[in-house]
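Chemist: If it helps, the file is called protein.csv and holds CSV, C-alpha atoms:
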```
chain,number,residue,atom,x,y,z
A,70,MET,CA,78.0,115.1,67.0
A,71,PHE,CA,81.6,116.2,66.3
A,72,ASN,CA,82.2,118.2,63.1
A,73,ILE,CA,85.4,119.5,61.6
A,74,GLU,CA,85.1,122.9,63.2
A,75,ARG,CA,84.6,121.4,66.7
A,76,TRP,CA,87.7,119.1,66.1
A,77,GLN,CA,89.7,122.2,65.2
A,78,GLU,CA,88.5,124.1,68.3
A,79,ILE,CA,89.3,121.1,70.6
A,80,PHE,CA,92.9,120.9,69.1
A,81,GLU,CA,93.3,124.6,69.4
A,82,THR,CA,92.3,124.4,73.1
A,83,ILE,CA,94.8,121.6,73.7
A,84,SER,CA,97.5,123.6,71.8
A,85,LYS,CA,97.0,126.7,74.0
A,86,ASN,CA,97.4,124.6,77.2
A,87,LYS,CA,100.1,122.1,76.0
A,88,LEU,CA,101.9,121.6,79.3
A,89,ARG,CA,98.9,121.6,81.5
A,90,THR,CA,97.0,119.3,79.1
A,91,PHE,CA,100.0,116.9,78.8
A,92,LEU,CA,100.4,116.6,82.6
A,93,THR,CA,96.7,116.0,83.1
A,94,SER,CA,96.5,113.5,80.3
A,95,LEU,CA,99.5,111.8,81.7
A,96,SER,CA,97.8,111.4,85.1
A,97,VAL,CA,94.6,110.0,83.5
A,98,ALA,CA,96.7,107.6,81.4
A,99,ALA,CA,98.7,106.5,84.4
A,100,GLY,CA,95.5,105.9,86.4
A,101,ILE,CA,94.0,103.6,83.7
A,102,PHE,CA,97.4,102.0,83.1
A,103,ILE,CA,97.8,101.2,86.9
A,104,LEU,CA,94.2,99.9,87.0
A,105,VAL,CA,94.7,97.6,84.0
A,106,ILE,CA,98.0,96.2,85.5
A,107,LEU,CA,96.4,95.6,88.9
A,108,LEU,CA,93.3,94.0,87.4
A,109,GLY,CA,95.5,91.8,85.2
A,110,PHE,CA,97.4,90.5,88.1
A,111,SER,CA,94.2,90.1,90.1
A,112,SER,CA,92.9,87.9,87.3
A,113,GLY,CA,96.2,86.1,87.2
A,114,ILE,CA,96.1,85.4,90.9
A,115,GLU,CA,92.5,84.1,90.6
A,116,ASN,CA,93.4,81.8,87.7
A,117,GLY,CA,96.4,80.5,89.6
A,118,VAL,CA,94.5,79.7,92.7
A,119,ARG,CA,91.7,78.1,90.7
A,120,ALA,CA,94.2,76.0,88.9
A,121,GLN,CA,95.7,74.8,92.2
A,122,PHE,CA,92.3,73.8,93.5
A,123,GLU,CA,91.4,72.1,90.2
A,124,GLY,CA,94.3,69.7,90.9
A,125,ASP,CA,91.9,67.9,93.1
A,126,ALA,CA,88.2,68.0,93.6
A,127,THR,CA,87.2,71.2,95.4
A,128,ASN,CA,84.8,69.4,97.7
A,129,ARG,CA,87.5,67.1,99.0
A,130,ILE,CA,88.1,66.0,102.6
A,131,GLN,CA,91.5,64.4,103.3
A,132,VAL,CA,92.3,62.5,106.5
A,133,SER,CA,95.7,61.5,107.8
A,134,THR,CA,97.3,60.7,111.2
A,135,ARG,CA,100.9,61.2,112.4
A,136,THR,CA,102.7,61.1,115.7
A,137,THR,CA,101.2,62.7,118.8
A,138,THR,CA,103.1,65.8,120.1
A,139,LYS,CA,101.2,66.1,123.5
A,140,GLY,CA,100.4,63.7,126.3
A,141,TYR,CA,96.7,63.0,126.9
A,142,ASN,CA,94.7,60.8,129.3
A,143,GLY,CA,97.8,59.4,130.9
A,144,LEU,CA,99.4,58.6,127.5
A,145,ASN,CA,102.8,60.0,126.6
A,146,PRO,CA,103.5,62.1,123.5
A,147,GLY,CA,105.4,60.5,120.6
A,148,ARG,CA,102.8,57.8,119.8
A,149,ARG,CA,102.6,56.9,116.1
A,150,LEU,CA,98.9,56.7,115.1
A,151,GLN,CA,98.2,54.2,112.4
A,152,MET,CA,94.8,54.0,110.5
A,153,THR,CA,93.7,50.7,109.2
A,154,ASN,CA,91.1,49.3,106.8
A,155,SER,CA,88.6,49.1,109.7
A,156,ASP,CA,88.9,52.8,110.3
A,157,TYR,CA,88.1,53.5,106.7
A,158,GLU,CA,85.1,51.2,106.7
A,159,THR,CA,83.8,52.6,109.9
A,160,LEU,CA,83.9,56.2,108.6
A,161,ASN,CA,82.3,55.0,105.3
A,162,ARG,CA,79.4,53.6,107.1
A,163,LYS,CA,78.9,56.5,109.4
A,164,TYR,CA,79.0,59.2,106.7
A,165,GLU,CA,77.5,57.2,103.8
A,166,ASP,CA,74.8,59.7,103.2
A,167,GLN,CA,77.2,62.6,102.8
A,168,ILE,CA,80.0,60.9,100.8
A,169,GLU,CA,80.1,61.2,97.0
A,170,TYR,CA,83.4,59.5,96.3
A,171,LYS,CA,85.8,57.7,98.6
A,172,THR,CA,89.2,56.0,98.8
A,173,SER,CA,91.8,54.9,101.3
A,174,LEU,CA,95.4,55.3,100.2
A,175,TYR,CA,98.7,53.6,100.8
A,176,ASN,CA,101.7,55.2,99.1
A,177,THR,CA,105.4,54.8,98.9
A,178,TRP,CA,107.8,57.5,97.7
A,179,GLY,CA,110.7,56.8,95.4
A,180,GLY,CA,109.5,53.5,94.0
A,181,GLU,CA,111.7,52.2,91.2
A,182,ILE,CA,109.9,51.6,87.9
A,183,ASN,CA,111.5,49.9,85.0
A,184,TYR,CA,110.4,49.4,81.4
A,185,LYS,CA,113.0,47.6,79.3
A,186,GLU,CA,116.2,49.7,79.4
A,187,LYS,CA,114.4,52.8,80.9
A,188,GLN,CA,113.9,53.4,84.6
A,189,GLY,CA,112.8,56.1,87.0
A,190,SER,CA,111.8,56.9,90.6
A,191,TYR,CA,108.2,57.7,91.1
A,192,ARG,CA,105.5,57.8,93.8
A,193,ILE,CA,103.3,54.6,93.9
A,194,GLU,CA,99.9,54.9,95.4
A,195,GLY,CA,97.4,52.1,96.2
A,196,ALA,CA,93.9,53.4,95.8
A,197,PHE,CA,90.3,52.5,95.0
A,198,PRO,CA,88.5,53.3,91.7
A,199,ASP,CA,87.0,56.6,93.0
A,200,GLN,CA,90.5,58.1,93.2
A,201,GLN,CA,90.1,59.0,89.5
A,202,PHE,CA,87.3,61.5,90.4
A,203,ILE,CA,88.8,62.7,93.7
A,204,GLU,CA,92.0,63.6,91.8
A,205,ASN,CA,90.1,65.0,88.8
A,206,ALA,CA,92.2,62.7,86.6
A,207,THR,CA,91.4,62.4,82.9
A,208,LEU,CA,92.1,59.2,81.1
A,209,THR,CA,94.0,59.7,77.8
A,210,GLN,CA,94.5,55.9,77.2
A,211,GLY,CA,93.0,52.7,78.5
A,212,ARG,CA,91.0,52.7,81.8
A,213,PHE,CA,91.4,53.4,85.5
A,214,LEU,CA,91.4,50.9,88.3
A,215,SER,CA,88.2,48.9,88.7
A,216,GLN,CA,86.6,47.3,91.7
A,217,SER,CA,87.5,43.9,90.3
A,218,ASP,CA,91.1,44.9,90.3
A,219,VAL,CA,90.8,45.7,94.0
A,220,ASP,CA,88.8,42.6,94.9
A,221,GLU,CA,91.2,40.3,93.1
A,222,SER,CA,94.4,42.2,94.1
A,223,ARG,CA,95.4,42.3,90.4
A,224,LYS,CA,98.9,43.6,89.5
A,225,VAL,CA,97.7,46.4,87.2
A,226,ALA,CA,98.8,50.0,87.0
A,227,VAL,CA,97.6,53.4,85.7
A,228,LEU,CA,100.5,55.7,84.7
A,229,GLY,CA,100.6,59.5,84.9
A,230,TYR,CA,101.2,61.1,81.5
A,231,GLN,CA,104.6,62.3,82.5
A,232,MET,CA,105.6,58.8,83.5
A,233,LYS,CA,104.4,57.5,80.2
A,234,GLU,CA,106.5,60.2,78.4
A,235,ASP,CA,109.6,59.3,80.5
A,236,LEU,CA,109.4,55.5,80.1
A,237,PHE,CA,107.5,54.8,76.9
A,238,SER,CA,108.0,57.9,74.7
A,239,ASP,CA,106.0,57.2,71.5
A,240,THR,CA,105.3,53.5,72.4
A,241,ASP,CA,101.7,52.6,73.3
A,242,PRO,CA,102.0,51.5,77.0
A,243,ILE,CA,98.6,49.8,77.3
A,244,GLY,CA,99.2,46.1,77.9
A,245,GLU,CA,103.0,46.5,78.4
A,246,ILE,CA,104.7,45.0,81.5
A,247,ILE,CA,106.6,47.3,83.9
A,248,LEU,CA,108.8,46.2,86.7
A,249,VAL,CA,108.1,47.7,90.2
A,250,ASN,CA,110.9,47.8,92.7
A,251,ASN,CA,112.9,45.4,90.5
A,252,ASN,CA,110.9,42.3,91.3
A,253,ILE,CA,107.2,42.7,90.7
A,254,ASN,CA,105.5,42.7,87.3
A,255,PHE,CA,102.6,45.0,86.7
A,256,THR,CA,100.5,45.4,83.5
A,257,VAL,CA,99.7,48.9,82.4
A,258,VAL,CA,96.0,49.4,81.8
A,259,GLY,CA,95.7,53.2,81.6
A,260,VAL,CA,97.3,56.6,81.3
A,261,TYR,CA,95.9,59.8,82.9
A,262,THR,CA,96.5,63.5,82.9
A,263,ASP,CA,96.0,65.7,86.0
A,264,PRO,CA,95.1,69.4,86.1
A,265,GLY,CA,97.6,69.8,88.9
A,266,GLY,CA,100.4,69.6,86.4
A,267,THR,CA,103.5,67.6,85.8
A,268,ARG,CA,104.2,66.8,89.4
A,269,GLU,CA,100.8,65.1,89.8
A,270,GLU,CA,101.5,63.1,86.6
A,271,THR,CA,104.6,61.3,88.0
A,272,ARG,CA,102.5,58.9,90.1
A,273,LEU,CA,101.6,55.3,89.5
A,274,PHE,CA,98.2,54.1,90.8
A,275,ILE,CA,97.7,50.4,91.7
A,276,PRO,CA,94.8,48.6,93.5
A,277,MET,CA,94.7,49.3,97.2
A,278,THR,CA,94.7,45.6,98.2
A,279,THR,CA,97.7,45.0,95.9
A,280,ALA,CA,99.7,47.8,97.4
A,281,GLN,CA,99.1,46.5,100.9
A,282,LYS,CA,100.4,43.1,99.9
A,283,VAL,CA,103.4,44.0,97.8
A,284,PHE,CA,104.6,46.6,100.4
A,285,ASN,CA,103.8,44.3,103.4
A,286,ALA,CA,101.5,46.9,104.8
A,287,GLY,CA,99.0,44.4,106.2
A,288,GLU,CA,95.8,46.4,107.0
A,289,ASN,CA,97.5,49.7,107.3
A,290,ILE,CA,96.6,52.8,105.3
A,291,ASN,CA,98.2,56.2,105.0
A,292,ARG,CA,95.3,58.4,104.2
A,293,ILE,CA,91.6,58.6,103.5
A,294,ALA,CA,90.1,60.9,100.9
A,295,TYR,CA,86.4,61.8,100.4
A,296,THR,CA,84.4,64.2,98.3
A,297,VAL,CA,81.2,65.3,99.9
A,298,LYS,CA,77.9,65.6,98.1
A,299,MET,CA,77.3,69.1,96.9
A,300,SER,CA,74.1,71.1,97.3
A,301,ASP,CA,72.9,73.9,95.1
A,302,ASN,CA,73.7,76.4,97.8
A,303,PHE,CA,77.4,76.9,98.1
A,304,ASP,CA,77.4,78.3,101.6
A,305,GLU,CA,75.2,75.3,102.7
A,306,ALA,CA,77.6,72.9,101.1
A,307,VAL,CA,80.6,74.5,102.9
A,308,ALA,CA,78.7,74.3,106.2
A,309,LEU,CA,77.9,70.6,105.7
A,310,SER,CA,81.5,69.8,104.6
A,311,ALA,CA,82.9,71.7,107.6
A,312,ALA,CA,80.5,69.8,110.0
A,313,MET,CA,81.6,66.5,108.5
A,314,THR,CA,85.3,67.5,108.8
A,315,GLN,CA,84.9,68.4,112.5
A,316,SER,CA,83.0,65.1,113.2
A,317,ILE,CA,85.7,62.9,111.6
A,318,ASP,CA,88.3,64.8,113.5
A,319,LEU,CA,86.5,64.1,116.7
A,320,ASP,CA,86.0,60.5,115.8
A,321,LEU,CA,89.7,59.9,115.3
A,322,ARG,CA,90.8,61.9,118.4
A,323,THR,CA,88.4,59.8,120.5
A,324,LYS,CA,89.6,56.5,119.1
A,325,PHE,CA,93.3,57.3,119.4
A,326,SER,CA,93.0,59.4,122.6
A,327,VAL,CA,94.5,62.5,121.1
A,328,ALA,CA,94.6,65.9,122.8
A,329,PRO,CA,92.0,68.3,121.3
A,330,ASP,CA,94.8,70.9,120.7
A,331,ASP,CA,97.2,68.4,119.1
A,332,ARG,CA,96.9,69.6,115.5
A,333,ILE,CA,99.8,67.5,114.2
A,334,ALA,CA,98.6,64.0,115.3
A,335,VAL,CA,95.2,64.1,113.5
A,336,ARG,CA,94.7,66.2,110.3
A,337,VAL,CA,91.4,66.5,108.6
A,338,ASN,CA,91.6,69.0,105.8
A,339,ASP,CA,88.4,70.4,104.2
A,340,THR,CA,89.3,71.9,100.8
A,341,LEU,CA,85.7,73.3,100.2
A,342,GLU,CA,86.0,75.6,103.3
A,343,GLU,CA,89.5,76.5,102.3
A,344,ALA,CA,88.3,77.3,98.8
A,345,LYS,CA,85.6,79.6,100.1
A,346,LYS,CA,88.3,81.5,102.2
A,347,ILE,CA,90.6,81.8,99.2
A,348,TYR,CA,87.9,82.9,96.9
A,349,SER,CA,86.8,85.5,99.5
A,350,LEU,CA,90.4,86.7,99.7
A,351,ILE,CA,90.6,87.0,95.9
A,352,ASP,CA,87.4,89.1,95.9
A,353,THR,CA,89.0,91.3,98.6
A,354,ILE,CA,92.2,91.7,96.6
A,355,ARG,CA,90.2,92.5,93.5
A,356,MET,CA,88.2,95.2,95.4
A,357,VAL,CA,91.4,96.7,96.8
A,358,PHE,CA,93.0,96.8,93.3
A,359,TRP,CA,89.9,98.5,91.9
A,360,PHE,CA,89.9,101.0,94.8
A,361,ILE,CA,93.6,101.9,94.2
A,362,GLY,CA,93.1,102.2,90.4
A,363,ILE,CA,90.0,104.2,90.6
A,364,GLY,CA,91.6,106.5,93.2
A,365,THR,CA,94.4,107.2,90.7
A,366,ILE,CA,91.9,107.9,88.0
A,367,ILE,CA,90.0,110.3,90.3
A,368,ALA,CA,93.3,112.3,90.7
A,369,GLY,CA,93.4,112.5,87.0
A,370,ILE,CA,89.8,113.6,86.7
A,371,VAL,CA,90.4,116.4,89.2
A,372,GLY,CA,93.3,117.5,86.9
A,373,VAL,CA,91.0,117.5,83.9
A,374,GLY,CA,88.4,119.5,85.8
A,375,ASN,CA,91.0,122.1,86.7
A,376,ILE,CA,92.1,122.3,83.0
A,377,MET,CA,88.6,122.8,81.9
A,378,LEU,CA,88.0,125.6,84.5
A,379,ILE,CA,91.1,127.4,83.1
A,380,VAL,CA,89.8,126.8,79.5
A,381,VAL,CA,86.4,128.4,80.5
A,382,LYS,CA,88.2,131.3,82.1
A,383,GLU,CA,90.4,131.9,79.1
A,384,ARG,CA,87.4,131.6,76.7
A,385,THR,CA,84.9,133.7,78.7
A,386,LYS,CA,84.7,136.4,75.9
A,387,GLU,CA,84.2,133.7,73.2
A,388,ILE,CA,81.5,132.1,75.2
A,389,GLY,CA,79.8,135.4,75.8
A,390,ILE,CA,79.8,136.1,72.0
A,391,ARG,CA,78.3,132.6,71.3
A,392,LYS,CA,75.5,133.3,73.8
A,393,ALA,CA,74.9,136.7,72.4
A,394,LEU,CA,74.5,135.1,69.0
A,395,GLY,CA,71.8,132.8,70.4
A,396,ALA,CA,73.8,129.7,71.7
A,397,LEU,CA,71.7,127.8,74.2
A,398,PRO,CA,73.1,126.9,77.7
A,399,SER,CA,72.9,123.2,76.7
A,400,GLU,CA,75.0,123.9,73.6
A,401,ILE,CA,77.7,125.6,75.7
A,402,ILE,CA,77.7,122.7,78.2
A,403,TRP,CA,78.0,120.2,75.4
A,404,MET,CA,80.9,122.2,73.9
A,405,ILE,CA,82.9,122.1,77.1
A,406,LEU,CA,81.9,118.4,77.8
A,407,GLN,CA,83.2,117.4,74.3
A,408,GLU,CA,86.6,118.8,75.0
A,409,SER,CA,86.7,117.2,78.5
A,410,ILE,CA,85.6,113.8,77.2
A,411,PHE,CA,88.0,114.0,74.3
A,412,ILE,CA,91.1,114.7,76.6
A,413,THR,CA,90.0,112.1,79.1
A,414,ALA,CA,89.1,109.4,76.5
A,415,LEU,CA,92.3,109.9,74.5
A,416,SER,CA,94.7,109.7,77.4
A,417,GLY,CA,92.7,106.9,79.0
A,418,LEU,CA,92.7,104.8,75.9
A,419,ILE,CA,96.5,105.3,75.7
A,420,GLY,CA,96.8,104.1,79.3
A,421,LEU,CA,94.5,101.1,78.5
A,422,PHE,CA,96.4,100.0,75.4
A,423,ALA,CA,99.8,100.5,77.2
A,424,GLY,CA,98.5,98.4,80.2
A,425,VAL,CA,97.2,95.6,78.0
A,426,GLY,CA,100.3,95.6,75.9
A,427,LEU,CA,102.6,95.4,78.9
A,428,LEU,CA,100.6,92.6,80.4
A,429,GLN,CA,100.9,90.7,77.1
A,430,LEU,CA,104.7,91.2,77.2
A,431,ILE,CA,105.3,90.2,80.8
A,432,ALA,CA,102.6,87.5,81.2
A,433,PRO,CA,104.9,84.6,80.2
A,434,TYR,CA,107.6,85.8,82.7
A,435,ALA,CA,105.1,86.3,85.5
A,436,GLU,CA,103.8,82.8,85.6
A,437,THR,CA,104.1,81.1,89.0
A,438,ASP,CA,102.2,78.4,90.9
A,439,PHE,CA,99.7,81.1,92.1
A,440,ILE,CA,99.8,83.5,89.1
A,441,ASN,CA,98.4,82.2,85.8
A,442,ASN,CA,97.8,84.2,82.6
A,443,PRO,CA,97.6,87.7,84.1
A,444,THR,CA,95.5,89.4,81.4
A,445,VAL,CA,92.5,91.7,81.2
A,446,ASP,CA,89.4,90.1,79.6
A,447,PHE,CA,87.0,91.8,77.2
A,448,THR,CA,84.4,92.6,79.9
A,449,THR,CA,86.9,94.3,82.0
A,450,SER,CA,88.2,96.3,79.1
A,451,ILE,CA,84.7,97.5,78.2
A,452,THR,CA,84.1,98.4,81.9
A,453,THR,CA,87.3,100.5,81.8
A,454,VAL,CA,86.1,102.3,78.7
A,455,ILE,CA,82.8,103.1,80.3
A,456,ILE,CA,84.7,104.5,83.3
A,457,LEU,CA,86.7,106.7,80.9
A,458,ILE,CA,83.5,108.1,79.4
A,459,VAL,CA,81.9,108.7,82.8
A,460,ALA,CA,85.1,110.2,84.1
A,461,GLY,CA,85.4,112.6,81.1
A,462,THR,CA,81.8,113.7,81.6
A,463,LEU,CA,82.2,114.3,85.3
A,464,ALA,CA,85.5,116.1,84.8
A,465,GLY,CA,83.9,118.7,82.5
A,466,PHE,CA,80.5,119.0,84.0
A,467,ILE,CA,81.2,121.7,86.7
A,468,PRO,CA,83.3,123.9,84.2
A,469,ALA,CA,80.5,123.4,81.6
A,470,ARG,CA,77.9,124.5,84.1
A,471,ARG,CA,80.0,127.5,84.9
A,472,ALA,CA,80.4,128.4,81.2
A,473,ALA,CA,76.6,128.0,80.7
A,474,ASN,CA,75.9,130.5,83.5
A,475,ILE,CA,78.2,133.2,82.0
A,476,LYS,CA,76.2,136.4,81.1
A,477,PRO,CA,76.9,137.7,77.7
A,478,ILE,CA,77.3,141.4,78.8
A,479,GLU,CA,79.8,140.5,81.6
A,480,ALA,CA,81.7,138.2,79.3
A,481,LEU,CA,82.1,140.8,76.7
A,482,ARG,CA,83.5,143.2,79.3
A,483,ASP,CA,86.1,140.6,80.4
A,484,GLU,CA,89.7,141.4,79.7
```
Mind turning this structure into structure tokens?

Modeler:
Amino acid sequence: MFNIERWQEIFETISKNKLRTFLTSLSVAAGIFILVILLGFSSGIENGVRAQFEGDATNRIQVSTRTTTKGYNGLNPGRRLQMTNSDYETLNRKYEDQIEYKTSLYNTWGGEINYKEKQGSYRIEGAFPDQQFIENATLTQGRFLSQSDVDESRKVAVLGYQMKEDLFSDTDPIGEIILVNNNINFTVVGVYTDPGGTREETRLFIPMTTAQKVFNAGENINRIAYTVKMSDNFDEAVALSAAMTQSIDLDLRTKFSVAPDDRIAVRVNDTLEEAKKIYSLIDTIRMVFWFIGIGTIIAGIVGVGNIMLIVVKERTKEIGIRKALGALPSEIIWMILQESIFITALSGLIGLFAGVGLLQLIAPYAETDFINNPTVDFTTSITTVIILIVAGTLAGFIPARRAANIKPIEALRDE
């Protein structure tokens, strides 16, 4: 344990080597500071990416068709591919055992919504009840669409929270009548929030069958969305989702006679596989940041080791006297290690607090779509402190061993 005399000796050592100690401490502090900043932004990137994926279900497959860009089987490019209710039903039957939630979608952009004297332009989406779970939407008032709404083509609507704020303010919207495209009355039955943020809360959901009727879409649909049943093994779930994605892609290309390499005409996106890729990338980024930070710390450790070698050299006679008076090698080693750990820990903690403090200051200004709350958690801070202690021990071990091996007679002759 430290006592007053040992503290005095440590401070005397630091005082005798002010410049060297300062520069070495600065390098250690800088290493920890850089590590904390890098880990903070690594955490921010992970939080941001996770938030983006939380906007929709992670195990989501989305299907859409557009215009062909390549000729195939004697057919010219430029064909507009249009999915219909029958395509949706065919896929539902084929993949029934793998599907968790399902919906077809028909949407229109810039739909005019009026409530009394207020109005706005919003996206209107026709959907099935499962859309609530596919979108990870949380109801704050009322209910979501029901199967009865779809079966009976009811004119009911579920508002995004931002829409509710825009049009109703403090008024309870449930049961109120809104006017869609200036001529169709809809009754508000629910309000939802979406983890994807404000942009996702500026949508109006109506029953799919109602949307097809009021927008004269007939049997046409714009998109299909599924979530796949998850297994306990993540890699297995990714593989099953990828296989289903490829199979749906092949089904649609076969039906519409689309070239295998026409990536525009048929799009089947698998968010689960994309999530795995992104999370793997985040792990790689975190490892690179740790590598850079620890590399900087090692440079500081080398400096501390050099300082302690100089200290041992300058205190050779003192160490010889201590050994002549009966000091054990372990006591000499511990004496040097204490000084090494103190210098490293003090400078490292300064770097740690400076890094955490800077992150707290800049975090609100660093927020973007893919950087969210760049801070260092408690576990990481504890890990950093452990690294400091280990670093201080390693930095002083070789000089301490050298001091322990000094022979008293030779030390007393040292000039």

Chemist: Taking 5 positions as the minimum chain separation for residues in the same chain, which residues sit within 12 Å of Asp220 of chain A when counting all atoms listed in the file? Answer as a PDB file with C-alpha atoms, keeping the file's coordinate frame.

Modeler:
```
ATOM      1  CA  ALA A 196      93.900  53.400  95.800  1.00  0.00           C
ATOM      2  CA  PHE A 197      90.300  52.500  95.000  1.00  0.00           C
ATOM      3  CA  PRO A 198      88.500  53.300  91.700  1.00  0.00           C
ATOM      4  CA  LEU A 214      91.400  50.900  88.300  1.00  0.00           C
ATOM      5  CA  SER A 215      88.200  48.900  88.700  1.00  0.00           C
ATOM      6  CA  PRO A 276      94.800  48.600  93.500  1.00  0.00           C
ATOM      7  CA  MET A 277      94.700  49.300  97.200  1.00  0.00           C
ATOM      8  CA  THR A 278      94.700  45.600  98.200  1.00  0.00           C
ATOM      9  CA  THR A 279      97.700  45.000  95.900  1.00  0.00           C
TER      10      THR A 279
END
```

Chemist: Need to verify the contact set: segment 107-109 of chain A, 6 Å, all atoms listed in the file, exclusion of same-chain residues closer than 6 positions in sequence. Can you return it as JSON, numbers by chain?

Modeler: {"A": [358, 443, 444, 445]}

Chemist: As a PyMOL selection string, please: the residues near segment 448-452 of chain A (cut-off 9 Å, all atoms listed in the file, same-chain neighbours under 5 positions excluded).

Modeler: chain A and resi 105+108+421+457

Chemist: Rank A:Met377, A:Met232, A:Ile293, A:Ala280 by their smallest atom-to-atom distance to Thr267 of chain A, using only C-alpha atoms, and report the top residue only.

Modeler: A:Met232

Chemist: So which residues touch Ile467 of chain A within 10 Å, counting all atoms listed in the file, skipping near sequence neighbours fewer than 6 positions away, as a list in words?

Modeler: Gly374, Asn375, Met377, Leu378, Ile402, Ile405, Leu406 and Ala473 of chain A

Chemist: Hey, can you check how far atom CA of Gly461 of chain A sits from atom CA of Ser409 of chain A?

Modeler: 5.4 Å

Chemist: Near Val249 of chain A, counting all atoms listed in the file, which residues have an atom at most 12 Å away, once you skip same-chain residues fewer than 4 positions from it, shown as a PyMOL selection string?

Modeler: chain A and resi 177+179-185+188-193+224-226+253-257+273-275+280+283-284

Chemist: Report the distance between atom CA of Pro146 of chain A and atom CA of Glu158 of chain A in Å, rounded to one decimal place.

Modeler: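 A separation of 27.2 Å between them.
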
Chemist: List every protein, DNA or RNA residue that has at least one atom no more than 6 Å from (88.1, 60.3, 96.3) in the file's coordinates, counting all atoms listed in the file, and write the result as an MDAnalysis selection string.

Modeler: chainID A and resid 170:172 199:200 203 294:296

Chemist: Of the residues A:Leu309, A:Lys233, A:Arg149, A:Ile370, which is the one nearest to Val297 of chain A, using only C-alpha atoms?

Modeler: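 Result for the nearest residue to Val297 of chain A: A:Leu309.
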
Chemist: To one decimal place in Å, what is the distance between atom CA of Leu160 of chain A and atom CA of Leu228 of chain A?

Modeler: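 Atom-to-atom, atom CA of Leu160 of chain A to atom CA of Leu228 of chain A, that is 29.1 Å.
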
Chemist: From the list A:Gly265, A:Gly417, A:Gly372, A:Gly229, which residue is nearest Phe213 of chain A when using all atoms listed in the file?

Modeler: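 Going through A:Gly265, A:Gly417, A:Gly372, A:Gly229 one by one, the smallest distance to Phe213 of chain A is for A:Gly229.
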
Chemist: Give the answer as one residue: which of A:Ile376, A:Ile455, A:Met152, A:Lys282 has the shortest atom-to-atom distance to Ala469 of chain A, using all atoms listed in the file?

Modeler: A:Ile376
